[in-house]
Structures are given as structure tokens and as C-alpha cells.
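Undergrad: Take a look at the following structure, please.
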Amino acid sequence: MASKITFIGAGNMASAIIGGLIDSGVSPSDITATAPNENELASQKARLGINTNTDNNAAVADANVVVLAVKPQIMRSVCEAMRDSVQQQSPLIISIAAGLDAATIDQWLGSNNALVRCMPNTPSLVGIGASGLYANNAVSDEQRTLATQLMEAVGIVEWVEEEILLDAVTAVSGSAPAYFFLMFEAMEEAAVKLGLPAATARRLAIQTALGAATMAQRSDKDPATLKQNVMSPGGTTERAIQHMEDAQLRATIADAMQACAQRAEAMSKELSAN
């Protein structure tokens, strides 16, 4: 990946992507991170050996890729302040800010920018994330490949061809780590009621989830088949699954994901209006 990459913002997600890029072979000297003051950048500079800057415009001046990694609430002021530099340099813009649509960010940056919206998730912090990406019409095939390579540094990448589908990505992967954490929490509580120590229950539940996910990832069988393979007629697993089906677990999950996607859409409208 022969590019100069600037991260506007140096929070947890930016640091995770930077670390993944360096692990994948990108030179720290090709990466710059910015923040309002040097104290916020000191740890990244010391730990990762990257360039740092408190001046966004200076950091954009020689960048081929600019990753917008600031909070959505301050995105407008950040973008408008570096509009001229972005227009002069014409880098690929990648936004990892939730809820802000591509057209709004493009307008704040002066319009006609090659812009990719990315919906990552928190497992990116440990290198096994899942990111959904959308590109506007100004993004070239080469830039699309570049965005893929950048986000694959922290996990898998899936592209969507309609921006509205990022709301579905939010529901199925962006917010979904919390669904599984809730499952771990509920399983631990139930196991304690069955007599297991909490720590034992937690370790068993988490390891089982890891094993099931790994099996699903490596198998050519769909989840329904894998589920069926664990079940024996009249056995313990069948009894548990039947109880979940009777309790309308599928409908609960579907309703929750629908609510998540609807909230993502509403947040986008709220943020763009501001």
C-alpha cells in the first residue's frame, strides 16, 4: 500500500487501524495522526513511531488518503476548517463516523471528493473486526482497492452498493458485538443459577462462542445445517433450541435489528440537519 495516510483524530478506532496497517507492512513514516494537542498524540507517537501533528491542514497537505476519525458532532467544523487543503490535494476520504452520510461530508469538504463511508465495529480493536464500506461515484477502482486494503488491516470488509444499506450493516455487525455480550451475560447468569461459579460459566460461554464462530467461518455449511448437526432427536440441544423457538427468539432478534437500523437512519438525518 504505497500511500501517505493521514488520520484526522487519534482515538481508539484510529489507533487500532494504524496498528493493523503497521502490522501489515505499512511504514510508520507513511502514517500521520492529528489531534488538538500533542498530549493526545504522545502515546501513539511513542508506541507506533508514526508522524503526529496538531494542524489538520498541514497533515492533509501530502496525504493520498485521509481518514476522518472524529466524533460526528464535531465533523462539520473539522471538515470545513480543512476544506481548502482537501480541495487542493484531492485525497481519498474515508469516514468512519457513524451516521453522517457521504453527501453531507462531501459538501462540508467542498464537494466532488472521492469519499468512502465505513462502518467498522469494536472487534477491530483486536484485529478481527467486520467493516461495511460504501463508495460515492467519485471513487476510482484503485481507490476502492486502497480502502479495502486499509480496512482489511483490522478484519474483513464487505462493500454495499447503496448507502442506505449501511444502516443494515450497523444492525448486523456495527452494533452486533453488544448482542453477543448480552448473550454471554444471560448465559453466565443462568449457569450460576444452575450451580456453576460465575468465572467458570463466563469462560465456558465465551470459548464456546469462539469455537462456534470459528466452525461457522471455516465450514461450507450454512448456520442452519451446523445447528442441526449439534442436535440429536430427543436430546438436550434439541430441547434448548425448541424452547428458544417457542419463545420467539428469531422474532426478537429481527425486531431488535430493525430498531437498530431505524435508529441509524434517524441519527443520520439528525446529524446531517445540524
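Residues in the C-alpha cells are named by chain (A, B, ... in the order shown) and by number from 1 within that chain; ligands are numbered from 1 in the order shown.
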Pick out the residues sitting within 12 Å of A:Asn57, and hand them over as a list in words; count only C-alpha atoms, and ignore anything fewer than 4 positions along from it in its own chain.
TA: Thr6, Phe7, Ile8, Thr32, Ala33, Thr34, Ala35, Asn53, Ala61, Asp62, Ala63, Val66, Val78, Cys79, Glu80, Ala81, Met82, Arg83, Asp84, Ser85, Val86, Gln87, Gln88 and Gln89 of chain A
Undergrad: Any chance you could list, as JSON, numbers by chain, the residues in stretch 10-135 of chain A that come up alpha helix (DSSP H) when DSSP is run on the backbone?
TA: {"A": [12, 13, 14, 15, 16, 17, 18, 19, 20, 21, 22, 23, 38, 39, 40, 41, 42, 43, 44, 45, 46, 47, 48, 56, 57, 58, 59, 60, 72, 73, 74, 75, 76, 77, 78, 79, 80, 81, 83, 84, 85, 86, 87, 88, 89, 102, 103, 104, 105, 106, 107, 108]}
Undergrad: With C-alpha atoms retained, export the selected residues as a PDB file, in the first residue's frame.
TA:
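File written: again.pdb
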```
ATOM      1  CA  ASN A  12      -9.260   4.052  19.829  1.00  0.00           C
ATOM      2  CA  MET A  13     -10.534   3.114  16.369  1.00  0.00           C
ATOM      3  CA  ALA A  14      -7.922   5.213  14.586  1.00  0.00           C
ATOM      4  CA  SER A  15      -5.192   3.687  16.763  1.00  0.00           C
ATOM      5  CA  ALA A  16      -6.481   0.186  16.017  1.00  0.00           C
ATOM      6  CA  ILE A  17      -6.413   0.768  12.258  1.00  0.00           C
ATOM      7  CA  ILE A  18      -2.972   2.360  12.457  1.00  0.00           C
ATOM      8  CA  GLY A  19      -1.647  -0.612  14.411  1.00  0.00           C
ATOM      9  CA  GLY A  20      -3.154  -3.012  11.882  1.00  0.00           C
ATOM     10  CA  LEU A  21      -1.618  -1.126   8.982  1.00  0.00           C
ATOM     11  CA  ILE A  22       1.830  -1.232  10.560  1.00  0.00           C
ATOM     12  CA  ASP A  23       1.460  -4.944  11.306  1.00  0.00           C
ATOM     13  CA  GLU A  38       0.368  16.951  21.455  1.00  0.00           C
ATOM     14  CA  ASN A  39      -0.540  15.309  24.761  1.00  0.00           C
ATOM     15  CA  GLU A  40      -3.264  13.324  22.978  1.00  0.00           C
ATOM     16  CA  LEU A  41      -0.728  12.164  20.383  1.00  0.00           C
ATOM     17  CA  ALA A  42       2.250  11.384  22.604  1.00  0.00           C
ATOM     18  CA  SER A  43       1.386   7.729  23.265  1.00  0.00           C
ATOM     19  CA  GLN A  44       0.745   6.912  19.589  1.00  0.00           C
ATOM     20  CA  LYS A  45       3.966   8.603  18.570  1.00  0.00           C
ATOM     21  CA  ALA A  46       5.998   6.756  21.205  1.00  0.00           C
ATOM     22  CA  ARG A  47       4.299   3.372  20.759  1.00  0.00           C
ATOM     23  CA  LEU A  48       3.838   3.271  16.983  1.00  0.00           C
ATOM     24  CA  ASN A  56      -5.029  19.200  10.214  1.00  0.00           C
ATOM     25  CA  ASN A  57      -4.296  21.264   7.124  1.00  0.00           C
ATOM     26  CA  ALA A  58      -0.571  20.559   7.302  1.00  0.00           C
ATOM     27  CA  ALA A  59      -1.258  16.852   7.813  1.00  0.00           C
ATOM     28  CA  VAL A  60      -3.508  16.720   4.745  1.00  0.00           C
ATOM     29  CA  PRO A  72     -19.850  13.030  14.324  1.00  0.00           C
ATOM     30  CA  GLN A  73     -20.831  16.030  16.448  1.00  0.00           C
ATOM     31  CA  ILE A  74     -17.640  17.929  15.531  1.00  0.00           C
ATOM     32  CA  MET A  75     -17.240  16.603  11.992  1.00  0.00           C
ATOM     33  CA  ARG A  76     -18.670  19.682  10.319  1.00  0.00           C
ATOM     34  CA  SER A  77     -16.310  22.151  11.956  1.00  0.00           C
ATOM     35  CA  VAL A  78     -13.315  19.865  11.358  1.00  0.00           C
ATOM     36  CA  CYS A  79     -14.160  19.364   7.679  1.00  0.00           C
ATOM     37  CA  GLU A  80     -14.928  22.990   6.929  1.00  0.00           C
ATOM     38  CA  ALA A  81     -11.669  24.102   8.547  1.00  0.00           C
ATOM     39  CA  ARG A  83     -11.793  22.269   3.092  1.00  0.00           C
ATOM     40  CA  ASP A  84      -9.238  24.239   1.072  1.00  0.00           C
ATOM     41  CA  SER A  85      -6.436  21.790   1.816  1.00  0.00           C
ATOM     42  CA  VAL A  86      -8.602  18.818   0.818  1.00  0.00           C
ATOM     43  CA  GLN A  87      -9.683  20.506  -2.398  1.00  0.00           C
ATOM     44  CA  GLN A  88      -6.078  21.267  -3.295  1.00  0.00           C
ATOM     45  CA  GLN A  89      -4.752  17.775  -2.509  1.00  0.00           C
ATOM     46  CA  ALA A 102     -21.475  10.805   2.222  1.00  0.00           C
ATOM     47  CA  ALA A 103     -23.186  13.758   0.531  1.00  0.00           C
ATOM     48  CA  THR A 104     -23.129  15.818   3.731  1.00  0.00           C
ATOM     49  CA  ILE A 105     -19.449  15.154   4.425  1.00  0.00           C
ATOM     50  CA  ASP A 106     -18.618  15.837   0.784  1.00  0.00           C
ATOM     51  CA  GLN A 107     -20.412  19.191   0.951  1.00  0.00           C
ATOM     52  CA  TRP A 108     -18.551  20.185   4.123  1.00  0.00           C
TER      53      TRP A 108
END
```
Undergrad: For A:Glu238, work out the shell of residues within 10 Å, counting only C-alpha atoms and skipping chain neighbours fewer than 6 positions away, then give it as a list in words.
TA: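 Those residues are Lys227, Gln228, Val230, Met231, Ser232 and Met244 of chain A.
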Undergrad: Would you please work out which residue, of A:Thr52, A:Thr208, A:Asn112, A:Ser173, is nearest to A:Ile128 when using only C-alpha atoms?
TA: A:Ser173
Undergrad: What's around stretch 149-163 of chain A at 9 Å? Count only C-alpha atoms, leave out sequence neighbours fewer than 2 positions away in its own chain, and write the answer as a ChimeraX atom specification.
TA: /A:1,16-24,101-102,117-118,120,123-136,144-147,165-167,169
Undergrad: Would you mind listing what lies within 12 Å of A:Ala256 as a list in words, with only C-alpha atoms counted and same-chain residues fewer than 3 positions away left out?
TA: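 Final neighbour list, sorted by chain and number: Ala168, Thr170, Ala171, Val172, Ser175, Ala176, Ala178, Tyr179, Leu249, Arg250, Ala251, Thr252, Ile253, Ala259, Cys260, Ala261, Gln262 and Arg263 of chain A.
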Undergrad: Which one is closest to A:Glu142: A:Val192, A:Gly9, A:Met257, A:Leu92? Count only C-alpha atoms.
TA: A:Leu92
